[in-house]
$ cat structure37.tsv   # TSV, C-alpha atoms and all ligand atoms
chain	number	residue	atom	x	y	z
A	26	MET	CA	47.45	174.49	-287.69
A	27	LYS	CA	44.75	171.87	-287.38
A	28	LEU	CA	47.23	169.22	-288.40
A	29	HIS	CA	49.63	170.38	-285.66
A	30	LEU	CA	46.93	170.16	-283.06
A	31	ALA	CA	45.96	166.70	-284.19
A	32	CYS	CA	49.59	165.56	-284.00
A	33	ILE	CA	50.03	166.93	-280.49
A	34	THR	CA	46.82	165.26	-279.34
A	35	LEU	CA	47.98	161.97	-280.83
A	36	ILE	CA	51.39	162.17	-279.11
A	37	CYS	CA	49.79	162.99	-275.74
A	38	ALA	CA	47.35	160.12	-276.09
A	39	THR	CA	50.18	157.70	-276.92
A	40	LEU	CA	52.24	158.86	-273.96
A	41	LEU	CA	49.31	158.56	-271.56
A	42	GLY	CA	48.46	155.16	-272.97
A	43	ALA	CA	52.02	153.92	-272.48
A	44	GLN	CA	52.01	155.21	-268.91
A	45	ALA	CA	48.72	153.48	-268.14
A	46	LEU	CA	50.09	150.25	-269.58
A	47	ALA	CA	53.25	150.49	-267.47
A	48	ALA	CA	51.19	151.16	-264.35
A	49	SER	CA	48.88	148.25	-265.02
A	50	ALA	CA	51.86	145.90	-265.32
A	51	HIS	CA	52.61	146.60	-261.60
A	52	GLN	CA	56.32	146.48	-262.05
A	53	GLU	CA	58.62	148.77	-260.14
A	54	HIS	CA	62.01	149.68	-261.55
A	55	PRO	CA	64.79	147.75	-259.83
A	56	ARG	CA	66.73	149.56	-257.12
A	57	GLN	CA	70.05	150.83	-258.44
A	58	LEU	CA	73.01	149.49	-256.46
A	59	LYS	CA	76.72	150.12	-256.88
A	60	TRP	CA	78.42	146.87	-257.91
A	61	GLU	CA	82.13	146.08	-258.12
A	62	PHE	CA	81.55	144.64	-261.58
A	63	ASP	CA	79.87	147.79	-262.98
A	64	GLY	CA	81.56	150.10	-265.48
A	65	VAL	CA	84.58	149.86	-267.75
A	66	PHE	CA	86.95	149.10	-264.89
A	67	GLY	CA	84.59	146.58	-263.28
A	68	THR	CA	86.14	143.64	-261.43
A	69	PHE	CA	84.86	140.60	-259.57
A	70	ASP	CA	84.91	140.55	-255.78
A	71	GLU	CA	86.07	136.99	-255.06
A	72	GLN	CA	85.00	137.06	-251.43
A	73	ALA	CA	81.48	138.11	-252.38
A	74	ILE	CA	81.32	135.43	-255.09
A	75	GLN	CA	82.44	132.75	-252.64
A	76	ARG	CA	79.82	133.84	-250.11
A	77	GLY	CA	77.25	133.94	-252.94
A	78	LEU	CA	78.06	130.35	-253.84
A	79	GLN	CA	77.31	129.40	-250.25
A	80	VAL	CA	73.93	131.15	-250.44
A	81	TYR	CA	73.15	129.48	-253.76
A	82	LYS	CA	74.08	126.04	-252.41
A	83	GLN	CA	72.30	126.32	-249.09
A	84	VAL	CA	69.21	128.26	-250.17
A	85	CYS	CA	68.48	128.46	-253.90
A	86	ALA	CA	69.80	125.08	-255.09
A	87	SER	CA	66.85	123.20	-253.63
A	88	CYS	CA	64.66	124.76	-256.33
A	89	HIS	CA	66.97	126.25	-258.99
A	90	GLY	CA	69.54	124.51	-261.19
A	91	LEU	CA	72.81	126.05	-262.36
A	92	THR	CA	73.41	123.59	-265.12
A	93	ARG	CA	75.76	125.62	-267.30
A	94	VAL	CA	78.40	126.10	-264.63
A	95	ALA	CA	81.06	123.39	-264.15
A	96	PHE	CA	82.56	122.96	-260.68
A	97	ARG	CA	86.09	123.39	-262.00
A	98	GLU	CA	85.34	126.96	-263.07
A	99	LEU	CA	85.30	127.83	-259.38
A	100	THR	CA	89.12	127.66	-259.38
A	101	LYS	CA	88.95	131.03	-261.18
A	102	VAL	CA	87.35	132.70	-258.18
A	103	GLY	CA	89.81	131.63	-255.53
A	104	PHE	CA	88.91	128.01	-254.72
A	105	SER	CA	91.75	125.46	-254.73
A	106	GLU	CA	91.51	122.30	-256.85
A	107	ASN	CA	91.08	120.23	-253.68
A	108	GLU	CA	88.22	122.41	-252.47
A	109	VAL	CA	86.52	122.09	-255.86
A	110	ALA	CA	86.96	118.29	-255.89
A	111	LYS	CA	85.49	118.11	-252.39
A	112	LEU	CA	82.55	120.32	-253.35
A	113	ALA	CA	81.84	118.27	-256.49
A	114	SER	CA	81.98	114.99	-254.58
A	115	ASP	CA	79.16	116.17	-252.31
A	116	TYR	CA	76.82	115.65	-255.28
A	117	THR	CA	75.77	112.30	-256.74
A	118	PHE	CA	75.45	111.82	-260.48
A	119	THR	CA	73.89	109.03	-262.50
A	120	ASP	CA	76.35	107.84	-265.12
A	121	GLY	CA	76.72	104.92	-267.48
A	122	PRO	CA	75.91	102.59	-268.98
A	123	ASN	CA	78.69	100.35	-267.63
A	124	ASP	CA	79.94	97.13	-269.30
A	125	ASP	CA	76.78	95.33	-268.20
A	126	GLY	CA	74.59	98.05	-269.71
A	127	ASP	CA	73.46	99.39	-266.34
A	128	MET	CA	73.37	102.97	-265.19
A	129	PHE	CA	75.20	103.63	-261.93
A	130	GLU	CA	75.65	106.38	-259.41
A	131	ARG	CA	78.97	108.05	-258.73
A	132	PRO	CA	80.17	111.09	-256.80
A	133	GLY	CA	80.59	114.33	-258.77
A	134	ARG	CA	83.87	115.33	-260.41
A	135	ALA	CA	85.37	118.76	-261.10
A	136	SER	CA	84.31	118.50	-264.74
A	137	ASP	CA	80.63	117.96	-263.88
A	138	LYS	CA	78.16	120.83	-263.89
A	139	PHE	CA	75.90	121.84	-261.01
A	140	PRO	CA	72.91	119.50	-261.26
A	141	ALA	CA	69.26	120.52	-261.61
A	142	PRO	CA	67.23	119.82	-258.45
A	143	TYR	CA	64.30	118.15	-260.23
A	144	ALA	CA	64.19	115.25	-262.66
A	145	ASN	CA	62.23	117.32	-265.20
A	146	GLU	CA	60.10	120.44	-265.64
A	147	ASN	CA	56.81	118.73	-264.74
A	148	ALA	CA	58.24	117.51	-261.45
A	149	ALA	CA	59.46	121.05	-260.72
A	150	ARG	CA	56.07	122.59	-261.52
A	151	SER	CA	54.08	120.07	-259.52
A	152	ILE	CA	56.01	121.03	-256.38
A	153	ASN	CA	56.06	124.80	-257.00
A	154	ASN	CA	52.42	125.74	-257.42
A	155	GLY	CA	52.56	125.13	-261.16
A	156	ALA	CA	55.42	127.62	-261.64
A	157	TYR	CA	58.84	126.64	-262.95
A	158	PRO	CA	61.90	127.79	-261.02
A	159	PRO	CA	64.19	128.73	-263.92
A	160	ASP	CA	67.83	127.71	-264.20
A	161	LEU	CA	69.94	130.52	-262.74
A	162	SER	CA	73.08	130.11	-264.90
A	163	LEU	CA	72.21	132.99	-267.23
A	164	MET	CA	69.49	134.70	-265.19
A	165	VAL	CA	71.41	137.94	-264.66
A	166	LYS	CA	71.84	138.33	-268.42
A	167	ALA	CA	68.33	137.17	-269.26
A	168	ARG	CA	66.55	140.03	-267.47
A	169	PRO	CA	66.93	143.75	-268.20
A	170	ASP	CA	69.20	145.38	-265.60
A	171	GLY	CA	69.67	141.80	-264.32
A	172	ALA	CA	71.86	142.27	-261.25
A	173	ASN	CA	69.72	145.08	-259.83
A	174	TYR	CA	66.56	143.20	-260.77
A	175	VAL	CA	67.50	139.95	-259.00
A	176	TYR	CA	68.66	141.90	-255.93
A	177	SER	CA	65.41	143.90	-255.85
A	178	LEU	CA	63.33	140.77	-256.34
A	179	LEU	CA	65.02	138.94	-253.47
A	180	THR	CA	64.70	141.82	-251.03
A	181	GLY	CA	61.50	143.43	-252.35
A	182	TYR	CA	58.62	141.28	-251.05
A	183	LYS	CA	55.86	143.47	-249.65
A	184	ASP	CA	52.45	143.29	-248.11
A	185	ALA	CA	49.98	142.85	-250.98
A	186	GLY	CA	47.60	145.62	-249.80
A	187	ASP	CA	44.48	145.52	-251.98
A	188	THR	CA	45.95	143.21	-254.63
A	189	PRO	CA	44.23	139.80	-254.53
A	190	VAL	CA	46.82	137.08	-253.96
A	191	GLY	CA	46.11	133.46	-254.99
A	192	ASP	CA	47.11	130.30	-253.12
A	193	GLY	CA	50.86	129.77	-253.10
A	194	GLN	CA	51.48	133.24	-254.50
A	195	TYR	CA	53.42	136.16	-253.03
A	196	TYR	CA	53.37	139.85	-253.78
A	197	ASN	CA	56.54	141.43	-255.08
A	198	PRO	CA	56.32	144.74	-256.96
A	199	TYR	CA	59.56	144.07	-258.86
A	200	PHE	CA	58.16	140.95	-260.53
A	201	PRO	CA	56.20	141.59	-263.76
A	202	GLY	CA	52.53	141.53	-262.73
A	203	GLY	CA	53.43	141.64	-259.03
A	204	LEU	CA	52.58	138.05	-258.11
A	205	LEU	CA	54.97	135.13	-258.18
A	206	SER	CA	55.13	131.60	-256.85
A	207	MET	CA	58.48	131.87	-255.07
A	208	ALA	CA	58.14	132.35	-251.33
A	209	PRO	CA	60.57	135.00	-249.99
A	210	PRO	CA	63.71	132.84	-250.07
A	211	LEU	CA	65.99	134.89	-247.81
A	212	MET	CA	65.78	135.68	-244.09
A	213	ASP	CA	68.43	137.27	-241.88
A	214	ASP	CA	71.08	134.82	-240.62
A	215	MET	CA	69.90	131.97	-242.81
A	216	VAL	CA	73.46	130.92	-243.54
A	217	GLU	CA	76.60	131.17	-241.47
A	218	TYR	CA	79.40	132.75	-243.47
A	219	GLN	CA	82.83	131.24	-242.92
A	220	ASP	CA	84.57	134.62	-243.25
A	221	GLY	CA	82.52	136.05	-240.37
A	222	THR	CA	80.47	138.47	-242.50
A	223	LYS	CA	77.05	139.07	-240.99
A	224	ALA	CA	74.46	137.24	-243.08
A	225	SER	CA	71.75	139.89	-243.26
A	226	MET	CA	69.13	139.50	-245.98
A	227	ASP	CA	70.65	142.44	-247.84
A	228	GLN	CA	74.16	140.97	-247.64
A	229	MET	CA	73.06	137.53	-248.84
A	230	ALA	CA	71.13	139.06	-251.75
A	231	ARG	CA	74.17	141.11	-252.80
A	232	ASP	CA	76.46	138.09	-252.53
A	233	VAL	CA	74.26	135.69	-254.45
A	234	VAL	CA	73.85	138.32	-257.20
A	235	SER	CA	77.66	138.72	-257.40
A	236	PHE	CA	77.90	134.95	-257.74
A	237	LEU	CA	75.20	134.79	-260.42
A	238	GLN	CA	76.76	137.69	-262.31
A	239	TRP	CA	80.04	135.80	-262.41
A	240	ALA	CA	78.26	132.57	-263.40
A	241	ALA	CA	76.53	134.31	-266.31
A	242	GLU	CA	79.62	136.07	-267.60
A	243	PRO	CA	82.82	134.59	-266.17
A	244	GLU	CA	84.97	136.20	-268.86
A	245	MET	CA	83.77	139.76	-268.03
A	246	GLN	CA	86.94	140.84	-266.25
A	247	GLU	CA	89.24	139.73	-269.10
A	248	ARG	CA	86.90	141.30	-271.65
A	249	LYS	CA	86.97	144.67	-269.92
A	250	ARG	CA	90.75	144.55	-269.43
A	251	MET	CA	91.21	143.72	-273.09
A	252	GLY	CA	88.92	146.63	-273.99
A	253	ILE	CA	91.07	149.04	-272.01
A	254	LYS	CA	94.26	147.70	-273.64
A	255	VAL	CA	92.75	148.09	-277.09
A	256	MET	CA	91.71	151.68	-276.33
A	257	LEU	CA	95.23	152.51	-275.08
A	258	PHE	CA	96.74	150.91	-278.16
A	259	LEU	CA	94.48	152.90	-280.46
A	260	PHE	CA	95.25	156.09	-278.56
A	261	VAL	CA	99.02	155.65	-278.92
A	262	PHE	CA	98.62	154.83	-282.61
A	263	THR	CA	96.49	157.89	-283.19
A	264	ILE	CA	99.31	160.06	-281.82
A	265	LEU	CA	101.95	158.25	-283.88
A	266	PHE	CA	99.94	158.59	-287.06
A	267	TYR	CA	99.27	162.23	-286.34
A	268	ILE	CA	102.99	162.92	-286.01
A	269	ALA	CA	103.69	160.89	-289.17
A	270	LYS	CA	101.05	162.82	-291.08
A	271	LYS	CA	102.56	166.15	-289.97
A	272	ARG	CA	105.98	165.07	-291.21
A	273	VAL	CA	104.79	163.68	-294.53
A	274	TRP	CA	102.89	166.84	-295.36
A	275	ALA	CA	105.37	169.29	-293.81
A	276	ASP	CA	106.95	170.30	-297.16
A	277	LEU	CA	103.63	171.27	-298.65
A	278	HIS	CA	102.76	173.93	-296.08
A	301	LIG	C1	61.23	126.81	-252.60
A	301	LIG	C2	61.71	126.97	-253.94
A	301	LIG	C3	62.55	128.18	-254.27
A	301	LIG	C4	63.68	128.65	-253.64
A	301	LIG	C5	64.35	128.11	-252.39
A	301	LIG	C6	64.16	129.76	-254.44
A	301	LIG	N1	63.34	129.96	-255.51
A	301	LIG	FE1	63.56	131.35	-256.97
A	301	LIG	N2	61.85	130.72	-257.87
A	301	LIG	C7	61.05	129.69	-257.43
A	301	LIG	C8	59.90	129.57	-258.30
A	301	LIG	C9	58.78	128.56	-258.16
A	301	LIG	C10	60.03	130.58	-259.29
A	301	LIG	C11	59.06	130.92	-260.41
A	301	LIG	C12	58.11	131.96	-259.91
A	301	LIG	C13	57.02	132.33	-260.88
A	301	LIG	O1	57.26	132.32	-262.08
A	301	LIG	O2	55.92	132.65	-260.40
A	301	LIG	C14	61.28	131.28	-258.99
A	301	LIG	C15	61.76	132.34	-259.73
A	301	LIG	C16	62.98	132.95	-259.51
A	301	LIG	C17	63.57	133.97	-260.37
A	301	LIG	C18	63.00	134.44	-261.70
A	301	LIG	C19	62.19	135.66	-261.66
A	301	LIG	C20	61.79	136.03	-263.06
A	301	LIG	O3	61.98	137.20	-263.43
A	301	LIG	O4	61.30	135.16	-263.81
A	301	LIG	C21	64.77	134.31	-259.82
A	301	LIG	C22	65.76	135.34	-260.35
A	301	LIG	C23	64.93	133.54	-258.61
A	301	LIG	N3	63.83	132.72	-258.45
A	301	LIG	C24	66.04	133.60	-257.81
A	301	LIG	C25	66.21	132.85	-256.65
A	301	LIG	C26	67.37	132.94	-255.80
A	301	LIG	C27	68.59	133.81	-256.07
A	301	LIG	C28	67.16	132.07	-254.77
A	301	LIG	C29	68.08	131.85	-253.60
A	301	LIG	C30	68.39	132.98	-252.78
A	301	LIG	C31	65.87	131.43	-254.98
A	301	LIG	N4	65.32	131.93	-256.13
A	301	LIG	C32	65.30	130.48	-254.15
A	301	LIG	C33	61.30	128.86	-256.35
A	301	LIG	C34	62.34	129.02	-255.46
$ encode --input "structure37.tsv" --output "structure tokens"
Amino acid sequence: MKLHLACITLICATLLGAQALAASAHQEHPRQLKWEFDGVFGTFDEQAIQRGLQVYKQVCASCHGLTRVAFRELTKVGFSENEVAKLASDYTFTDGPNDDGDMFERPGRASDKFPAPYANENAARSINNGAYPPDLSLMVKARPDGANYVYSLLTGYKDAGDTPVGDGQYYNPYFPGGLLSMAPPLMDDMVEYQDGTKASMDQMARDVVSFLQWAAEPEMQERKRMGIKVMLFLFVFTILFYIAKKRVWADLH
């Protein structure tokens, strides 16, 4: 009996402790949105991805790289080869050395990857209050519940209330610890969408998350389709083998 009581006390204490720890970390659970790419039948919404690319280029790219994504991959989400070549050529890359041993600058090509905005991490930190704006190529996969987290982070800045906020810091309850060095990056109508969609903060956040989800896992759609085919295949085979088994054993009944 005593042992039972001790166990129960211990469990309660652990639970309370865990709760206190979670509360002290000041992190709210991300808001749960419905995404096209969720679930077994998830697909990519090309229009949203294209709008998201625009948000990335016009807003996030000044601080965040996307160095694992090559321009030519954009042909898989509805851009023509000409559009991709044009987009790539807007960037300048340092290449070389040439025959004289010199480095030279050239316009981007479809096979290049999105460049990082800063020469190196120290340069990035010195401009961003000592914080490093991470590369966004795999961000959605690098955080738990990534898509909902990035959406919540972008739209979740709040008044700090009693929390002391340092210079160059902003309060956001979705960020671990609540304080981060990224100013709220999105404001209504910051970009002008070519397809006429209204660029509210919410819309831009959804679109850029769709884009980043695709960037982090471009093969998702094929993977899920293949999964469904494999399940169908196994299902049909189960039936066939069941019938075969019935026949083989029929005489013994
Ligand atoms: C003016 C520069 C700047 C812009 C513009 C900017 N960010 Fe950031 N971002 C930062 C910095 C700095 C950090 C690191 C913050 C920290 O660790 O305190 C960061 C961090 C992040 C993180 C990581 C959060 C984590 O869990 O570590 C994500 C995700 C992010 N930004 C997404 C975006 C997106 C999407 C956009 C475009 C809509 C954007 N950012 C625009 C500077 C910027």
$ residues_near_ligand --input "structure37.tsv" --ligand "ligand LIG 301 (chain A)" --cutoff "8 Å" --atoms "all atoms listed in the file" --output "ChimeraX atom specification"
/A:80-81,84-89,149-150,153-159,161,164-165,168,174-175,178-179,194,200-201,204-211,229-230,233-234,237
$ write_last_selection --input "structure37.tsv" --atoms "C-alpha atoms" --output "JSON list (two decimals), keeping the file's coordinate frame"
[["chain", "number", "residue", "atom", "x", "y", "z"],
["A", 80, "VAL", "CA", 73.93, 131.15, -250.44],
["A", 81, "TYR", "CA", 73.15, 129.48, -253.76],
["A", 84, "VAL", "CA", 69.21, 128.26, -250.17],
["A", 85, "CYS", "CA", 68.48, 128.46, -253.90],
["A", 86, "ALA", "CA", 69.80, 125.08, -255.09],
["A", 87, "SER", "CA", 66.85, 123.20, -253.63],
["A", 88, "CYS", "CA", 64.66, 124.76, -256.33],
["A", 89, "HIS", "CA", 66.97, 126.25, -258.99],
["A", 149, "ALA", "CA", 59.46, 121.05, -260.72],
["A", 150, "ARG", "CA", 56.07, 122.59, -261.52],
["A", 153, "ASN", "CA", 56.06, 124.80, -257.00],
["A", 154, "ASN", "CA", 52.42, 125.74, -257.42],
["A", 155, "GLY", "CA", 52.56, 125.13, -261.16],
["A", 156, "ALA", "CA", 55.42, 127.62, -261.64],
["A", 157, "TYR", "CA", 58.84, 126.64, -262.95],
["A", 158, "PRO", "CA", 61.90, 127.79, -261.02],
["A", 159, "PRO", "CA", 64.19, 128.73, -263.92],
["A", 161, "LEU", "CA", 69.94, 130.52, -262.74],
["A", 164, "MET", "CA", 69.49, 134.70, -265.19],
["A", 165, "VAL", "CA", 71.41, 137.94, -264.66],
["A", 168, "ARG", "CA", 66.55, 140.03, -267.47],
["A", 174, "TYR", "CA", 66.56, 143.20, -260.77],
["A", 175, "VAL", "CA", 67.50, 139.95, -259.00],
["A", 178, "LEU", "CA", 63.33, 140.77, -256.34],
["A", 179, "LEU", "CA", 65.02, 138.94, -253.47],
["A", 194, "GLN", "CA", 51.48, 133.24, -254.50],
["A", 200, "PHE", "CA", 58.16, 140.95, -260.53],
["A", 201, "PRO", "CA", 56.20, 141.59, -263.76],
["A", 204, "LEU", "CA", 52.58, 138.05, -258.11],
["A", 205, "LEU", "CA", 54.97, 135.13, -258.18],
["A", 206, "SER", "CA", 55.13, 131.60, -256.85],
["A", 207, "MET", "CA", 58.48, 131.87, -255.07],
["A", 208, "ALA", "CA", 58.14, 132.35, -251.33],
["A", 209, "PRO", "CA", 60.57, 135.00, -249.99],
["A", 210, "PRO", "CA", 63.71, 132.84, -250.07],
["A", 211, "LEU", "CA", 65.99, 134.89, -247.81],
["A", 229, "MET", "CA", 73.06, 137.53, -248.84],
["A", 230, "ALA", "CA", 71.13, 139.06, -251.75],
["A", 233, "VAL", "CA", 74.26, 135.69, -254.45],
["A", 234, "VAL", "CA", 73.85, 138.32, -257.20],
["A", 237, "LEU", "CA", 75.20, 134.79, -260.42]]
$ atom_distance --input "structure37.tsv" --atom1 "CA of Ala144 in chain A" --atom2 "CA of Tyr195 in chain A"
25.4 Å
$ residues_near_point --input "structure37.tsv" --point "(76.2, 137.6, -268.2)" --cutoff "10 Å" --atoms "all atoms listed in the file" --output "list in words"
Ser162, Leu163, Met164, Val165, Lys166, Ala167, Arg168, Gly171, Ala172, Leu237, Gln238, Trp239, Ala240, Ala241, Glu242, Pro243, Glu244 and Met245 of chain A
$ write_last_selection --input "structure37.tsv" --atoms "C-alpha atoms" --output "mmCIF file, keeping the file's coordinate frame"
data_model
loop_
_atom_site.group_PDB
_atom_site.id
_atom_site.type_symbol
_atom_site.label_atom_id
_atom_site.label_comp_id
_atom_site.auth_asym_id
_atom_site.auth_seq_id
_atom_site.Cartn_x
_atom_site.Cartn_y
_atom_site.Cartn_z
ATOM 1 C CA SER A 162 73.080 130.110 -264.900
ATOM 2 C CA LEU A 163 72.210 132.990 -267.230
ATOM 3 C CA MET A 164 69.490 134.700 -265.190
ATOM 4 C CA VAL A 165 71.410 137.940 -264.660
ATOM 5 C CA LYS A 166 71.840 138.330 -268.420
ATOM 6 C CA ALA A 167 68.330 137.170 -269.260
ATOM 7 C CA ARG A 168 66.550 140.030 -267.470
ATOM 8 C CA GLY A 171 69.670 141.800 -264.320
ATOM 9 C CA ALA A 172 71.860 142.270 -261.250
ATOM 10 C CA LEU A 237 75.200 134.790 -260.420
ATOM 11 C CA GLN A 238 76.760 137.690 -262.310
ATOM 12 C CA TRP A 239 80.040 135.800 -262.410
ATOM 13 C CA ALA A 240 78.260 132.570 -263.400
ATOM 14 C CA ALA A 241 76.530 134.310 -266.310
ATOM 15 C CA GLU A 242 79.620 136.070 -267.600
ATOM 16 C CA PRO A 243 82.820 134.590 -266.170
ATOM 17 C CA GLU A 244 84.970 136.200 -268.860
ATOM 18 C CA MET A 245 83.770 139.760 -268.030
#
$ closest_residue --input "structure37.tsv" --among "A:Lys271, A:Arg250, A:Arg97, A:His54" --to "Thr68 in chain A" --atoms "all atoms listed in the file"
A:Arg250
$ atom_distance --input "structure37.tsv" --atom1 "CA of Val190 in chain A" --atom2 "CA of Asn147 in chain A"
23.5 Å
$ atom_distance --input "structure37.tsv" --atom1 "CA of Asp115 in chain A" --atom2 "CA of Asp70 in chain A"
25.3 Å
$ closest_residue --input "structure37.tsv" --among "A:Glu130, A:Pro55, A:Gln83, A:Ser136" --to "Pro169 in chain A" --atoms "all atoms listed in the file"
A:Pro55
$ residues_around --input "structure37.tsv" --residues "Phe139 in chain A" --least-positions-apart "4" --cutoff "9 Å" --atoms "all atoms listed in the file" --output "list in words"
Gly90, Leu91, Thr92, Arg93, Val94, Ala95, Phe96, Ala113 and Tyr116 of chain A
